Protein chains: 2
Amino acid sequence: MKIGELSKQTGMSRDTIRFYEGKGMLTNVTRPFEWNNYKNYGEENVKRIQIIKYLQRFSFRLIEIKELFDQKDANPDKCIDKSEVFKNKLKIIEKEINELQQTRKALLEIIND
Amino acid sequence: MKIGELSKQTGMSRDTIRFYEGKGMLTNVTRPFEWNNYKNYGEENVKRIQIIKYLQRFSFRLIEIKELFDQKDANPDKCIDKSEVFKNKLKIIEKEINELQQTRKALLEIIND
DNA sequence: ATAAACCATAGACTATGGTCCATGGTCAAG
DNA sequence: CTTGACCATGGACCATAGTCTATGGTTTAT
């Protein structure tokens with residue numbers, strides 16, 4: 001499908017899709033026409049983009065998501081230990097929460113002085 | 001004092017001091033010499049920079065710190081209601097904590113499925 | 001045939017808090 | 001008198017996740 005179709009099916013802007021593509025996060029992007037240089041985006045990119053959106057909700061960064069895709073591409077049969085990935089992210093989130101709570105405490109002390 | 005001295009007394013790099021200066025966060029910066037264009041930084045900038053460091057620990061942004069300085073400069077006699085400022089910051093911090101806790105919950109649900 | 005809609009590429013721009021570099025002038029010690 | 005340390009200015013660069021614009025080519029509908 002062309003980029004416009006992919007954009008429609010995912011709700012992502014063309015620019016954003018091109019941005020992801022530039023980061024190497026999409027797969028099976030070809031240029032099948034001889035008379036123009038339009039690209040063709042494989043169907044599986046719909047799912048990829050949905051995964052990007054999904055993981056971003058958990059504050060995964062694009063580079064991390066790309067790494068997951070790369071692992072999958074390099075080793076399609078090996079099942080990625082998702083729970084491992086999510087557990088790592090959980091730890092980071094909890095660390096951030098802790099830091100903010102430290103800040104909160106300090107602020108409360110200031111206010112109550 | 002010259003910038004090197006200010007740097008020594010505060011532990012901030014020259015570049016950072018110039019950066020703050022460019023943001024208009026310093027005061028009483030003059031060019032008192034006719035034979036060169038070296039600047040003179042008033043003593044009160046030591047305190048200013050300490051305040052910057054202090055407020056940054058509570059995740060104040062430079063622009064917010066600058067606003068506080070500007071208020072003080074415009075109205076040196078009026079006491080700034082610090083507790084108001086800190087309370088506002090507290091609310092923002094608490095909102096961020098809440099958002100992270102939402103994310104944490106969602107992550108926990110994924111992991112435990 | 002012409003306009004609207006589409007496609008590609010490259011680069012600039014946003015916020016944040018700096019850091020680093022190049023250029024050129026000045027000052028202090030040996 | 002020269003070297004090293006200091007000073008000033010301006011601009012480039014870092015990460016992050018895009019957005020927007022310019023330019024030019026293509027396709028589709030009227």
# chains A, B, ... in the order shown; residues from 1 in each chain; ligands from 1

call {"tool": "calpha_fit_and_write", "arguments": {"fixed": "chain B", "moving": "chain A", "output": "tab-separated table (two decimals) with N, CA and C atoms, in the first residue's frame"}}
result
chain	number	residue	atom	x	y	z
A	1	MET	N	33.20	41.21	39.96
A	1	MET	CA	34.15	40.11	39.72
A	1	MET	C	34.04	39.64	38.27
A	2	LYS	N	35.12	39.05	37.78
A	2	LYS	CA	35.09	38.54	36.41
A	2	LYS	C	34.47	37.15	36.39
A	3	ILE	N	34.20	36.69	35.19
A	3	ILE	CA	33.44	35.44	35.09
A	3	ILE	C	34.17	34.26	35.73
A	4	GLY	N	35.48	34.26	35.64
A	4	GLY	CA	36.25	33.17	36.21
A	4	GLY	C	36.07	33.09	37.72
A	5	GLU	N	36.06	34.23	38.34
A	5	GLU	CA	35.86	34.29	39.79
A	5	GLU	C	34.45	33.80	40.16
A	6	LEU	N	33.49	34.27	39.39
A	6	LEU	CA	32.11	33.84	39.64
A	6	LEU	C	31.98	32.33	39.46
A	7	SER	N	32.66	31.83	38.47
A	7	SER	CA	32.66	30.40	38.23
A	7	SER	C	33.25	29.65	39.41
A	8	LYS	N	34.36	30.17	39.95
A	8	LYS	CA	35.01	29.52	41.09
A	8	LYS	C	34.07	29.53	42.30
A	9	GLN	N	33.45	30.65	42.54
A	9	GLN	CA	32.65	30.78	43.76
A	9	GLN	C	31.36	29.99	43.71
A	10	THR	N	30.91	29.65	42.51
A	10	THR	CA	29.63	28.95	42.40
A	10	THR	C	29.78	27.51	41.93
A	11	GLY	N	30.91	27.19	41.35
A	11	GLY	CA	31.07	25.84	40.82
A	11	GLY	C	30.41	25.64	39.47
A	12	MET	N	29.87	26.72	38.91
A	12	MET	CA	29.28	26.64	37.57
A	12	MET	C	30.36	26.92	36.53
A	13	SER	N	30.24	26.27	35.40
A	13	SER	CA	31.20	26.53	34.34
A	13	SER	C	30.97	27.92	33.75
A	14	ARG	N	32.02	28.48	33.17
A	14	ARG	CA	31.87	29.77	32.49
A	14	ARG	C	30.77	29.71	31.45
A	15	ASP	N	30.77	28.63	30.71
A	15	ASP	CA	29.77	28.50	29.65
A	15	ASP	C	28.36	28.57	30.22
A	16	THR	N	28.17	27.89	31.30
A	16	THR	CA	26.83	27.86	31.89
A	16	THR	C	26.45	29.25	32.39
A	17	ILE	N	27.42	29.91	33.00
A	17	ILE	CA	27.14	31.27	33.48
A	17	ILE	C	26.77	32.17	32.31
A	18	ARG	N	27.52	32.05	31.24
A	18	ARG	CA	27.19	32.87	30.07
A	18	ARG	C	25.82	32.50	29.52
A	19	PHE	N	25.52	31.23	29.62
A	19	PHE	CA	24.20	30.76	29.17
A	19	PHE	C	23.10	31.41	30.01
A	20	TYR	N	23.26	31.41	31.31
A	20	TYR	CA	22.28	32.05	32.19
A	20	TYR	C	22.19	33.54	31.88
A	21	GLU	N	23.35	34.12	31.68
A	21	GLU	CA	23.37	35.55	31.38
A	21	GLU	C	22.58	35.84	30.11
A	22	GLY	N	22.81	35.00	29.09
A	22	GLY	CA	22.08	35.17	27.84
A	22	GLY	C	20.58	35.06	28.03
A	23	LYS	N	20.16	34.28	29.01
A	23	LYS	CA	18.74	34.14	29.30
A	23	LYS	C	18.21	35.32	30.11
A	24	GLY	N	19.11	36.20	30.50
A	24	GLY	CA	18.66	37.35	31.29
A	24	GLY	C	18.45	37.03	32.75
A	25	MET	N	19.14	36.02	33.25
A	25	MET	CA	18.93	35.61	34.64
A	25	MET	C	19.91	36.25	35.61
A	26	LEU	N	20.89	36.93	35.10
A	26	LEU	CA	21.85	37.57	36.00
A	26	LEU	C	21.56	39.07	36.05
A	27	THR	N	22.18	39.72	36.98
A	27	THR	CA	21.90	41.13	37.19
A	27	THR	C	23.21	41.87	37.36
A	28	ASN	N	23.15	43.15	37.09
A	28	ASN	CA	24.31	43.98	37.36
A	28	ASN	C	25.56	43.46	36.64
A	29	VAL	N	25.40	43.23	35.36
A	29	VAL	CA	26.56	42.84	34.55
A	29	VAL	C	26.98	44.07	33.76
A	30	THR	N	28.19	44.52	33.97
A	30	THR	CA	28.66	45.75	33.34
A	30	THR	C	29.95	45.49	32.58
A	31	ARG	N	30.37	46.52	31.89
A	31	ARG	CA	31.61	46.42	31.12
A	31	ARG	C	32.42	47.66	31.49
A	32	PRO	N	33.04	47.64	32.66
A	32	PRO	CA	33.57	48.87	33.23
A	32	PRO	C	34.91	49.32	32.66
A	33	PHE	N	35.53	48.53	31.83
A	33	PHE	CA	36.87	48.89	31.38
A	33	PHE	C	36.84	49.45	29.97
A	34	GLU	N	37.65	50.46	29.78
A	34	GLU	CA	37.67	51.07	28.46
A	34	GLU	C	38.66	50.37	27.54
A	35	TRP	N	39.65	49.76	28.11
A	35	TRP	CA	40.73	49.18	27.30
A	35	TRP	C	40.48	47.72	26.91
A	36	ASN	N	39.48	47.11	27.51
A	36	ASN	CA	39.08	45.77	27.03
A	36	ASN	C	37.57	45.66	27.18
A	37	ASN	N	37.03	44.56	26.75
A	37	ASN	CA	35.57	44.45	26.90
A	37	ASN	C	35.19	43.36	27.90
A	38	TYR	N	36.05	43.20	28.87
A	38	TYR	CA	35.75	42.25	29.93
A	38	TYR	C	34.53	42.73	30.71
A	39	LYS	N	33.77	41.76	31.15
A	39	LYS	CA	32.56	42.12	31.91
A	39	LYS	C	32.83	42.04	33.40
A	40	ASN	N	32.03	42.76	34.12
A	40	ASN	CA	32.05	42.66	35.57
A	40	ASN	C	30.70	42.14	36.04
A	41	TYR	N	30.77	41.10	36.86
A	41	TYR	CA	29.54	40.49	37.38
A	41	TYR	C	29.39	40.89	38.84
A	42	GLY	N	28.30	41.56	39.17
A	42	GLY	CA	28.02	41.96	40.54
A	42	GLY	C	27.99	40.77	41.49
A	43	GLU	N	28.37	41.03	42.72
A	43	GLU	CA	28.46	40.00	43.77
A	43	GLU	C	27.16	39.22	43.92
A	44	GLU	N	26.05	39.92	43.73
A	44	GLU	CA	24.76	39.27	43.99
A	44	GLU	C	24.50	38.09	43.07
A	45	ASN	N	25.30	37.99	42.00
A	45	ASN	CA	25.10	36.86	41.10
A	45	ASN	C	25.53	35.53	41.72
A	46	VAL	N	26.40	35.60	42.70
A	46	VAL	CA	26.76	34.37	43.41
A	46	VAL	C	25.48	33.77	44.01
A	47	LYS	N	24.75	34.64	44.67
A	47	LYS	CA	23.51	34.17	45.30
A	47	LYS	C	22.49	33.71	44.25
A	48	ARG	N	22.41	34.48	43.17
A	48	ARG	CA	21.47	34.11	42.10
A	48	ARG	C	21.74	32.70	41.60
A	49	ILE	N	23.01	32.44	41.39
A	49	ILE	CA	23.34	31.12	40.84
A	49	ILE	C	23.07	30.03	41.87
A	50	GLN	N	23.30	30.32	43.11
A	50	GLN	CA	22.97	29.35	44.15
A	50	GLN	C	21.47	29.10	44.18
A	51	ILE	N	20.71	30.15	43.99
A	51	ILE	CA	19.25	29.99	43.96
A	51	ILE	C	18.84	29.14	42.76
A	52	ILE	N	19.47	29.39	41.64
A	52	ILE	CA	19.17	28.57	40.45
A	52	ILE	C	19.40	27.10	40.76
A	53	LYS	N	20.56	26.81	41.32
A	53	LYS	CA	20.87	25.41	41.64
A	53	LYS	C	19.84	24.83	42.61
A	54	TYR	N	19.52	25.64	43.60
A	54	TYR	CA	18.57	25.19	44.62
A	54	TYR	C	17.22	24.86	44.01
A	55	LEU	N	16.71	25.79	43.21
A	55	LEU	CA	15.37	25.58	42.66
A	55	LEU	C	15.34	24.47	41.62
A	56	GLN	N	16.46	24.28	40.96
A	56	GLN	CA	16.51	23.20	39.97
A	56	GLN	C	16.34	21.84	40.65
A	57	ARG	N	16.77	21.75	41.89
A	57	ARG	CA	16.60	20.47	42.60
A	57	ARG	C	15.12	20.12	42.74
A	58	PHE	N	14.28	21.14	42.71
A	58	PHE	CA	12.85	20.91	42.79
A	58	PHE	C	12.20	20.99	41.43
A	59	SER	N	13.02	20.77	40.45
A	59	SER	CA	12.56	20.68	39.05
A	59	SER	C	11.93	21.97	38.53
A	60	PHE	N	12.35	23.10	39.11
A	60	PHE	CA	11.99	24.37	38.51
A	60	PHE	C	12.76	24.52	37.21
A	61	ARG	N	12.12	25.06	36.22
A	61	ARG	CA	12.82	25.30	34.97
A	61	ARG	C	13.44	26.68	34.98
A	62	LEU	N	14.40	26.85	34.15
A	62	LEU	CA	15.12	28.12	34.12
A	62	LEU	C	14.16	29.28	33.88
A	63	ILE	N	13.20	29.07	33.02
A	63	ILE	CA	12.30	30.17	32.69
A	63	ILE	C	11.45	30.55	33.89
A	64	GLU	N	11.13	29.58	34.68
A	64	GLU	CA	10.35	29.87	35.90
A	64	GLU	C	11.21	30.63	36.90
A	65	ILE	N	12.45	30.21	37.01
A	65	ILE	CA	13.37	30.87	37.94
A	65	ILE	C	13.59	32.31	37.49
A	66	LYS	N	13.73	32.45	36.19
A	66	LYS	CA	13.89	33.81	35.66
A	66	LYS	C	12.69	34.69	36.00
A	67	GLU	N	11.52	34.11	35.89
A	67	GLU	CA	10.32	34.89	36.22
A	67	GLU	C	10.34	35.36	37.67
A	68	LEU	N	10.79	34.49	38.54
A	68	LEU	CA	10.89	34.88	39.95
A	68	LEU	C	11.87	36.03	40.11
A	69	PHE	N	13.02	35.89	39.44
A	69	PHE	CA	14.01	36.98	39.51
A	69	PHE	C	13.41	38.28	38.96
A	70	ASP	N	12.70	38.15	37.86
A	70	ASP	CA	12.13	39.35	37.24
A	70	ASP	C	11.12	40.03	38.17
A	71	GLN	N	10.31	39.22	38.81
A	71	GLN	CA	9.36	39.80	39.77
A	71	GLN	C	10.10	40.56	40.86
A	72	LYS	N	11.14	39.92	41.36
A	72	LYS	CA	11.93	40.54	42.42
A	72	LYS	C	12.56	41.84	41.92
A	73	ASP	N	13.05	41.81	40.70
A	73	ASP	CA	13.69	43.01	40.16
A	73	ASP	C	12.69	44.14	39.94
A	74	ALA	N	11.50	43.76	39.46
A	74	ALA	CA	10.51	44.77	39.15
A	74	ALA	C	9.93	45.37	40.43
A	75	ASN	N	9.94	44.57	41.45
A	75	ASN	CA	9.25	44.99	42.67
A	75	ASN	C	10.03	44.49	43.89
A	76	PRO	N	11.18	45.10	44.14
A	76	PRO	CA	12.11	44.56	45.13
A	76	PRO	C	11.53	44.54	46.54
A	77	ASP	N	10.57	45.43	46.80
A	77	ASP	CA	10.06	45.53	48.16
A	77	ASP	C	8.95	44.53	48.44
A	78	LYS	N	8.22	44.21	47.38
A	78	LYS	CA	7.13	43.29	47.58
A	78	LYS	C	7.68	41.88	47.81
A	79	CYS	N	7.24	41.29	48.88
A	79	CYS	CA	7.71	39.95	49.19
A	79	CYS	C	7.00	38.95	48.30
A	80	ILE	N	7.75	38.13	47.63
A	80	ILE	CA	7.16	37.10	46.79
A	80	ILE	C	6.60	36.00	47.69
A	81	ASP	N	5.40	35.59	47.36
A	81	ASP	CA	4.81	34.52	48.16
A	81	ASP	C	5.43	33.19	47.73
A	82	LYS	N	6.50	32.84	48.41
A	82	LYS	CA	7.23	31.63	48.02
A	82	LYS	C	6.35	30.41	48.16
A	83	SER	N	5.58	30.37	49.22
A	83	SER	CA	4.82	29.15	49.45
A	83	SER	C	3.83	28.93	48.30
A	84	GLU	N	3.34	30.02	47.74
A	84	GLU	CA	2.47	29.92	46.58
A	84	GLU	C	3.20	29.23	45.42
A	85	VAL	N	4.38	29.72	45.17
A	85	VAL	CA	5.19	29.18	44.08
A	85	VAL	C	5.48	27.70	44.30
A	86	PHE	N	5.86	27.38	45.51
A	86	PHE	CA	6.19	25.99	45.79
A	86	PHE	C	4.96	25.10	45.76
A	87	LYS	N	3.84	25.67	46.17
A	87	LYS	CA	2.62	24.87	46.14
A	87	LYS	C	2.22	24.55	44.70
A	88	ASN	N	2.37	25.53	43.84
A	88	ASN	CA	2.08	25.26	42.43
A	88	ASN	C	2.98	24.16	41.89
A	89	LYS	N	4.24	24.27	42.22
A	89	LYS	CA	5.18	23.25	41.75
A	89	LYS	C	4.80	21.89	42.30
A	90	LEU	N	4.39	21.89	43.55
A	90	LEU	CA	3.98	20.63	44.19
A	90	LEU	C	2.85	19.97	43.41
A	91	LYS	N	1.90	20.79	43.00
A	91	LYS	CA	0.76	20.24	42.27
A	91	LYS	C	1.22	19.59	40.97
A	92	ILE	N	2.12	20.26	40.29
A	92	ILE	CA	2.62	19.72	39.03
A	92	ILE	C	3.34	18.40	39.25
A	93	ILE	N	4.16	18.38	40.29
A	93	ILE	CA	4.89	17.15	40.61
A	93	ILE	C	3.91	16.02	40.92
A	94	GLU	N	2.90	16.37	41.67
A	94	GLU	CA	1.93	15.32	42.05
A	94	GLU	C	1.16	14.82	40.84
A	95	LYS	N	0.92	15.71	39.91
A	95	LYS	CA	0.25	15.30	38.69
A	95	LYS	C	1.14	14.32	37.90
A	96	GLU	N	2.40	14.65	37.84
A	96	GLU	CA	3.33	13.75	37.13
A	96	GLU	C	3.40	12.39	37.81
A	97	ILE	N	3.44	12.43	39.14
A	97	ILE	CA	3.47	11.16	39.88
A	97	ILE	C	2.23	10.34	39.55
A	98	ASN	N	1.09	10.99	39.54
A	98	ASN	CA	-0.14	10.29	39.21
A	98	ASN	C	-0.10	9.65	37.83
A	99	GLU	N	0.39	10.42	36.88
A	99	GLU	CA	0.45	9.88	35.52
A	99	GLU	C	1.36	8.66	35.44
A	100	LEU	N	2.47	8.77	36.13
A	100	LEU	CA	3.39	7.63	36.13
A	100	LEU	C	2.78	6.43	36.83
A	101	GLN	N	2.00	6.71	37.85
A	101	GLN	CA	1.38	5.58	38.55
A	101	GLN	C	0.30	4.93	37.70
A	102	GLN	N	-0.36	5.72	36.89
A	102	GLN	CA	-1.30	5.15	35.92
A	102	GLN	C	-0.56	4.20	34.98
A	103	THR	N	0.54	4.71	34.47
A	103	THR	CA	1.35	3.89	33.56
A	103	THR	C	1.82	2.61	34.27
A	104	ARG	N	2.22	2.78	35.50
A	104	ARG	CA	2.70	1.63	36.27
A	104	ARG	C	1.60	0.58	36.39
A	105	LYS	N	0.41	1.03	36.74
A	105	LYS	CA	-0.72	0.10	36.87
A	105	LYS	C	-0.94	-0.67	35.57
A	106	ALA	N	-0.97	0.09	34.49
A	106	ALA	CA	-1.22	-0.53	33.19
A	106	ALA	C	-0.15	-1.56	32.88
A	107	LEU	N	1.09	-1.23	33.21
A	107	LEU	CA	2.19	-2.17	32.96
A	107	LEU	C	2.03	-3.43	33.81
A	108	LEU	N	1.66	-3.23	35.05
A	108	LEU	CA	1.47	-4.38	35.94
A	108	LEU	C	0.38	-5.30	35.41
A	109	GLU	N	-0.67	-4.69	34.88
A	109	GLU	CA	-1.75	-5.51	34.33
A	109	GLU	C	-1.27	-6.34	33.15
A	110	ILE	N	-0.47	-5.70	32.32
A	110	ILE	CA	0.07	-6.44	31.18
A	110	ILE	C	0.92	-7.61	31.64
A	111	ILE	N	1.79	-7.32	32.59
A	111	ILE	CA	2.72	-8.35	33.05
A	111	ILE	C	1.98	-9.51	33.70
A	112	ASN	N	0.94	-9.22	34.41
A	112	ASN	CA	0.23	-10.27	35.14
A	112	ASN	C	-0.84	-10.96	34.31
A	113	ASP	N	-0.92	-10.66	33.03
A	113	ASP	CA	-1.89	-11.36	32.18
A	113	ASP	C	-1.27	-12.59	31.54

call {"tool": "interface_residues", "arguments": {"of": "chain C", "to": "chain B", "cutoff": "10 Å", "atoms": "only C-alpha atoms (C1' of nucleotides)", "output": "number ranges by chain"}}
result
C: 16-20, 25-26

call {"tool": "closest_atom_pairs", "arguments": {"of": "chain D", "to": "chain B", "cutoff": "12 Å", "atoms": "only C-alpha atoms (C1' of nucleotides)", "output": "Markdown table"}}
result
| residue | atom | partner | partner_atom | distance |
| --- | --- | --- | --- | --- |
| D:DA5 | C1' | B:Gly4 | CA | 10.8 |
| D:DC6 | C1' | B:Gly4 | CA | 7.9 |
| D:DC7 | C1' | B:Tyr38 | CA | 6.1 |
| D:DA8 | C1' | B:Tyr38 | CA | 7.2 |
| D:DT9 | C1' | B:Arg18 | CA | 10.7 |

call {"tool": "atom_distance", "arguments": {"atom1": "C1' of DA12 (chain D)", "atom2": "C1' of DG24 (chain C)"}}
result
18.4 Å

call {"tool": "select_by_dssp", "arguments": {"residues": "chain B", "states": "alpha helix (DSSP H)", "output": "PyMOL selection string"}}
result
chain B and resi 3-10+14-22+44-57+62-74+82-111

call {"tool": "atom_distance", "arguments": {"atom1": "C1' of DT2 (chain D)", "atom2": "C1' of DG30 (chain C)"}}
result
9.3 Å

call {"tool": "atom_distance", "arguments": {"atom1": "C1' of DC6 (chain C)", "atom2": "C1' of DA17 (chain D)"}}
result
24.9 Å

call {"tool": "select_by_dssp", "arguments": {"residues": "chain B", "states": "strand (DSSP E or B)", "output": "number ranges by chain"}}
result
B: 29-30, 40-41
